[in-house]
Structure formats: structure tokens, C-alpha cells
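Engineer: The structure under discussion is supplied below as C-alpha cells; questions concerning it will follow.
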Amino acid sequence: MAQDSTIDAASILTKVNDYTWDIPITYKSGMRVPGRVFVSRKLLEGLEHETLEQISNVATLPGIQKYAMAMPDAHSGYGFPIGGVAAFDRDAGIISPGGVGYDINCGVRIIKTNLTVDEVRSGMKELIELLFHEIPSGVGSKSKLRASDSELTDAFLHGAKWAVDSGYGVKEDLEHCEENGYMKIADPSKIGEKARKRGKPQFGTLGSGNHFLEVQYVDEVFDPEVAKVFGLEKGQVTIMIHCGSRGAGHQICDDYLKILDKATRKYGIDLPDRQLACAPAESPEGQNYYKAMAAGANYAWANRQVITYWVREAFSRFFKSDVDDLGMELIYDVAHNVAKLEEHTIDGAKKMVYVHRKGATRAFPPGHSDVPSVFRNVGQPVLIPGSMGTPSFVLHGTEKAMELTFGSACHGSGRVSSRAAAKKEFHGETIQKELAARGISVRATHPSIIAEEAPGVYKPSEDVVDVVHQLGIARKVVRLMPLGVAKG
Amino acid sequence: MAAKISEGKYEYLYHIADAKFKAYGSTLEEAFENAAIAMFNVMINTSGLPASEPRDIKIRSPDIKMLLVEWLSELLYLFEVDGIIFSEFKIDLIEKTGDGFSLKGKASGEPVDPVRHNFDTQVKAVTFHDLQVEQDKNRRFWVQVVVDT
């Protein structure tokens with residue numbers, strides 16, 4: 001099994017500054033804009049050739065603005081690279097399911113507590129066992145939620161708001177979600193029966209793969225003022241939930257790839273890769289996808305909200321204390337696989353664009369109307385999960401991201417090694433023991449899941465976050481160290 | 001994943017985040033069947049699993065590559081919704097129709113039991129990326145698929 005050789009990036013890329021490298025517009029015929037990769041010299045060495053090919057393919061799509069971009073955690077996906085950001089003109093541009101991915105609104109939320117690491121560490125093994133049992137995860141797991149058809153429709157329509165209205169949270173949770181927990185453009189009638197059938201039994205499940213639920217603590221504060229606004233301080237315990245729209249989202253993407261594959265021919269769009277299937281953003285096909293995608297995104301927000309409720313209940317039971325007394329407020333919830341119609345300033349003029357973030361996090365600056373009022377002075381919380389056993393980060397959005405990346409930052413650490421290779425190289429039980437020795441309890445359905453997601457298969461999260469921080473597209477606020485991880 | 005090359009039926013290729021495989025057959029039907037075995041073995045070792053639950057499958061697609069994607073996607077859908085781990089596949093016929101291609105076949109497997117079945121990662125979807133349906137100079141068929149995991 002030969003590894004896709006990494007390339008002498010210098011032969012393709014032009015250095016703009018220490019953290020910005022361009023793929024010239026002449027690299028591939030049909031490119032409408034240059035490609036732009038935000039990486040350090042160190043991360044550049046690990047970039048696959050395929051990733052650069054995919055970025056340059058995205059650069060050929062109609063209506064693309066400024067650059068086809070890739071964040072420092074970029075790696076090859078299918079169609080668009082993972083870690084890709086691309087904005088398309090509302091009127092002259094396209095919308096593409098490939099620019100969002102199969103797991104629509106895969107995302108992250110962080111819940112704070114007023115517990116300290118010392119109060120939690122000794123009972124961590126039992127706590128993570130409880131969370132593993134309370135929140136269904138893994139392939140084929142069944143939800144405890146028995147949503148009716150009308151409830152499912154309502155979740156597609158109103159996302160986290162449906163969950164809160166149904167008793168799975170408090171209204172403050174919604175103010176602390178991107179889009180207040182649901183995209184209003186969603187239209188469940190644009191979703192097929194298959195997506196509903198896949199989504200229904202999986203509603204209220206974490207899923208598998210890189211999805212997880214983690215108990216963490218703040219081990220370093222980089223910006224005490226902003227940390228205070230976010231309600232975070234050193235030693236404080238937090239909970240991170242990373243999951244998405246499950247089979248519902250996968251099927252929506254699947255269904256619309258086929259529809260847009262036809263539309264691509266209908267509208268005479270020339271594509272270098274069929275996975276980039278797209279339609280003019282404002283065409284009926286494009287809008288139907290957008291409305292279905294939004295419904296998928298809402299399902300994911302509802303899913304994370306329901307899981308949050310079970311996490312709060314489990315903590316309350318474990319610590320024999322009321323949820324309110326434990327201070328379990330939602331800090332923020334961000335999507336990292338989504339397309340959104342947003343206003344951005346391009347060449348000095350305000351413009352409406354469909355920003356596609358596939359493995360990239362929205363990072364809006366202070367003063368932006370989409371940032372919750374409580375955070376308005378410091379910018380949106382930008383949540384970057386680490387891989388299993390490596391630190392996660394909370395950053396805050398900046399004006400620089402609006403200038404450079406359509407208000408976007410990285411989404412995680414990015415894989416450097418395949419799952420198959422990981423299983424050869426790592427032994428799940430050994431990794432579990434090593435992590436336990438470092439004070440991290442891991443509970444998974446079985447050991448090979450741990451091997452596939454071993455810390456060594458990802459780029460170090462610090463390296464990725466440091467690029468974002470140095471560029472100034474989001475600035476570090478706190479670092480979160482894992483205490484316990486539950487995964488499918 | 002099972003063996004790298006399983007009796008010449010299929011082999012896994014390198015992909016950093018997802019799973020990529022090639023499947024072979026002396027007929028197109030056989031290559032499609034082997035692609036299905038390869039896909040399920042990304043999730044779980046299916047060798048030795050009983051194939052007591054059958055499902056009939058009929059698909060029509062505008063082109064042969066799309067037919068492959070839709071065949072595998074349908075199996076994935078039935079795996080999730082009906083909860084069956086398919087291990088045996090029999091495609092009766094792939095034929096050219098007036099407006100594309102059609103497939104008629106059967107998949108059989110065993111109902112999922114989370115206690116007994118140890119899954120690796122889940123296949124989320126079948127992508128169009130690097131998708132190939134080809135015939136080599138010896139008239140042997142091969143297909144290539146990347147699945148999202």
C-alpha cells in the first residue's frame with residue numbers, strides 16, 4: 001500500500017508570506033482564480049499532491065471569488081478538499097453539495113461546568129462509562145429518542161429550537177448556537193423519503209468515526225479577558241460534543257449529487273471532477289439543494305441539542321447536583337460542514353456570496369450581527385476539536401478572517417494517516433493504556449475504533465491552531481485538555 | 001479491513017481519510033458484486049457471516065458509473081434502515097436500456113447485532129471521486145470506488 005507521495009510543494013506553490021501559499025492561476029487550465037493554502041512550512045511538508053489538485057479543481061467553478069482556499073488542516077477529500085473554503089457569487093456562481101460534504105453540519109459544541117479538574121479526575125472512568133451508555137454511539141446504535149414523523153419534520157424545520165421547545169434545553173442554548181440553532185431557509189419537503197428513513201432511528205445518536213463526546217478541562221488561558229467573556233477559567237471542566245446529521249445528511253447529499261449531476265450538464269458547466277456536481281446557486285436545482293441542506297443542518301443542531309440534554313442529565317445524576325447548580329451552560333455551537341449565503345466585502349464592495357465551508361469553521365469578528373450579543377465585543381467563539389488525546393482550542397473571531405478567509409478558520413487537526421494504516425501501526429488497547437497513563441479515560445465500542453483514531457494519525461492540533469493564530473484569522477483564547485473520551 | 005487482496009476479487013488502495021478500493025470480475029456483474037463485498041468489509045469482516053436475510057434490488061441509472069454508485073448506495077441504505085450486514089451478492093443482469101443502464105440482483109446478509117458484531121468505521125456514502133468502471137486488455141472488468149467514512 002504505497003502512500004500518496006507528498007510533493008515538493010515549492011514546485012507548485014508561490015510563497016506569499018510565512019503562512020500563505022498560492023497555487024498560480026496558470027497551474028491548471030480553467031482556473032478562474034488562484035488557489036490559496038494557509039499553512040506553515042512544517043505543515044506544508046505533509047500536504048498531499050491530491051489536496052492541491054482538489055483546490056485547483058475548485059478554482060475552476062463558476063462565480064468563485066478571490067481564491068479557492070484551504071485551511072492549515074487541509075487534506076484530500078473527494079471533490080472539494082477537507083479544510084476547504086470557497087465563496088461563490090450569488091448571481092453568477094454555483095452551489096455544490098461536494099463543497100459541504102456528506103455529513104451536513106458536522107459540528108462542535110462546548111458546554112461549560114463550574115466543576116474543576118480536581119473534582120472530576122478521580123471519578124473520570126466511571127463518568128465516561130456513564131456518558132458512553134447514556135449517549136448511543138457506534139455503527140447500528142439505536143436512539144433512545146422515538147421521534148414521530150411530525151417531530152422529525154419539525155426538527156428539519158427548526159433544529160435546536162425544536163429540541164428546546166420539546167424540553168431538551170433552555171432558550172439561552174439557542175442564543176449560543178450558530179444561526180440560533182436553525183437555518184430559516186430549510187424546507188423538509190425538499191428531502192426524500194430515504195433521508196427521513198435513515199435519519200429517524202439515528203436521531204439522538206453520536207455516530208462513529210471521528211465523532212466523539214469529550215470531558216475536558218481548561219489547562220491554559222491565552223487571553224484572560226476574552227476567556228472571561230466566554231465564561232472560561234483555568235482548571236474549569238468543559239464538555240465537547242462533535243457530531244453531525246447522521247444518515248439523514250448523508251442521504252440528502254447523496255440524493256442531490258445525483259440531481260446536480262444532471263443539472264451540471266443542463267447548465268453546461270464543465271467540471272474536472274464529477275464529485276464537484278453543482279448548479280447555478282439561484283437555479284431551482286441549486287435552491288432545492290440549499291433548502292434540503294439547511295434542513296439537514298437543522299437536524300444536526302437538534303441532534304447535538306438532544307445529546308446535550310442527556311449529558312446534562314448524566315452529570316446531574318453523577319454529581320448528585322442540579323444542572324443549574326453545575327453551571328452547565330452552552331458556550332457555543334459551530335458547524336464545520338455547511339454552505340451559507342453571507343454578505344462579504346470583496347474588492348471594496350459588499351456582495352452576497354454562498355460560502356462553502358467543508359471542514360472549516362465560521363469565525364466572525366467582533367461587532368458582527370451574527371455573533372451572539374454576549375460575545376459581540378470579542379467576536380464569535382471558534383471551537384477547534386483536537387483528535388483523541390490531543391488538546392482542543394477555543395479561539396475568537398477577528399476582522400482579519402473577514403479580509404482573508406470569508407470569516408473562516410480551521411476545523412480540527414486533519415488526518416495524516418489512513419484508517420487502514422492506523423490499524424496496522426497502532427493497537428487500540430495499547431493506545432488506551434497509554435492515554436490512561438496520561439490521565440485520559442477512553443471508552444469506545446471496541447479497540448480498533450481507538451486505533452483508527454489514534455492521536456498519531458492526525459496533525460498536531462497545536463500546529464494547525466498556531467497557523468490560524470499567527471495569521472490572525474482567529475486568536476487563541478484557551479486550550480482544553482481531554483480527561484475522558486467516549487466514541488462509537 | 002479484510003485482507004489487502006481477497007482472492008483477486010478486490011483490493012484496498014491508499015486513501016488518507018476515506019476508503020478506496022478496486023474490485024475485479026470476469027463479468028461486469030461479478031465486478032459489481034465484488035465491489036459490494038469490498039465496501040462491507042471496510043465496516044466489518046463479513047467472512048463467515050450467515051446470509052439468511054435476502055433483499056431484491058433493482059436499479060436504473062443514466063450511465064454505468066452512476067449505476068455502480070447507486071448499487072452500492074442502495075446496499076448502504078438497506079444496511080442502515082433494515083439493519084442487515086450483507087455478505088452475499090448475486091447480480092442477475094446488468095443491461096443497457098434506452099436511457100441508460102439497469103441492474104437486477106439480490107443481496108443477502110444477517111441482521112445487525114451490536115453485541116456480536118464489532119464494527120470498524122462506518123461507510124457514510126459512496127462518492128463519485130476517482131470512480132472508474134473499466135475493462136482491461138484481457139477483457140476482465142475492474143471498478144474503482146472511494147467511499148466516505
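Naming works like this for the C-alpha cells: A, B, ... for the chains as they're shown, residue 1 at the start of each chain, ligands 1 onward in shown order.
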Return as a PyMOL selection string the residues belonging to chain A that are within 8 Å of chain B, counting only C-alpha atoms.
Structural biologist: chain A and resi 1-4+75-79+102+138-141+194+197-198+208-209+247+250-251+254+273-275+415-420+445-446+448-449
Engineer: What lies within 10 Å of B:Thr27 using only C-alpha atoms, ignoring chain neighbours under 4 positions off, as an NGL selection string?
Structural biologist: :B and (31-33 or 94 or 135 or 139-142)
Engineer: Please produce a file of those selected residues containing C-alpha atoms, as a PDB file, in the first residue's frame.
Structural biologist:
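Dumped everything to again-v5.pdb:
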```pdb
ATOM      1  CA  ALA B  31     -17.024  -6.861 -10.544  1.00  0.00           C
ATOM      2  CA  PHE B  32     -20.064  -5.058  -9.063  1.00  0.00           C
ATOM      3  CA  GLU B  33     -20.661  -7.960  -6.655  1.00  0.00           C
ATOM      4  CA  ILE B  94     -26.688  -5.501 -15.915  1.00  0.00           C
ATOM      5  CA  GLN B 135     -12.338  -3.442 -18.946  1.00  0.00           C
ATOM      6  CA  ARG B 139     -11.449  -8.350 -21.251  1.00  0.00           C
ATOM      7  CA  ARG B 140     -11.541  -8.569 -17.444  1.00  0.00           C
ATOM      8  CA  PHE B 141     -13.661  -5.930 -15.733  1.00  0.00           C
ATOM      9  CA  TRP B 142     -12.498  -3.728 -12.897  1.00  0.00           C
TER      10      TRP B 142
END
```
Engineer: Write out as a ChimeraX atom specification all residues of stretch 27-63 of chain B that DSSP puts in alpha helix (DSSP H) for this structure's backbone.
Structural biologist: /B:28-43
Engineer: Rank nothing, just name the residue among B:Arg55, B:Leu49, B:Lys9, B:Lys106 nearest to B:Gly25, using only C-alpha atoms.
Structural biologist: B:Lys9
Engineer: When you draw a straight line from atom CA of A:Thr26 to atom CA of A:Glu343, how long is it in Å?
Structural biologist: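 We find that atom CA of A:Thr26 and atom CA of A:Glu343 lie 28.9 Å from each other.
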Engineer: Could you please write out, as JSON, numbers by chain, every residue of stretch 18-59 of chain B that DSSP assigns to strand (DSSP E or B)?
Structural biologist: {"B": [19, 20, 21, 22, 23, 24, 25, 53, 54, 55, 56, 57, 58, 59]}
Engineer: Keeping only C-alpha atoms, write those residues as a PDB file, in the first residue's frame.
Structural biologist:
```pdb
ATOM      1  CA  ALA B  19     -11.541   4.047   1.901  1.00  0.00           C
ATOM      2  CA  LYS B  20     -10.671   3.372  -1.708  1.00  0.00           C
ATOM      3  CA  PHE B  21     -10.831   0.005  -3.431  1.00  0.00           C
ATOM      4  CA  LYS B  22     -10.669  -1.783  -6.755  1.00  0.00           C
ATOM      5  CA  ALA B  23     -12.853  -4.802  -7.481  1.00  0.00           C
ATOM      6  CA  TYR B  24     -12.476  -7.279 -10.308  1.00  0.00           C
ATOM      7  CA  GLY B  25     -14.622  -9.737 -12.243  1.00  0.00           C
ATOM      8  CA  GLU B  53     -31.929 -12.229   5.065  1.00  0.00           C
ATOM      9  CA  PRO B  54     -32.357 -11.575   1.328  1.00  0.00           C
ATOM     10  CA  ARG B  55     -33.276  -8.307  -0.382  1.00  0.00           C
ATOM     11  CA  ASP B  56     -34.130  -7.902  -4.065  1.00  0.00           C
ATOM     12  CA  ILE B  57     -32.537  -4.905  -5.703  1.00  0.00           C
ATOM     13  CA  LYS B  58     -33.458  -3.174  -8.951  1.00  0.00           C
ATOM     14  CA  ILE B  59     -31.732  -0.017 -10.148  1.00  0.00           C
TER      15      ILE B  59
END
```
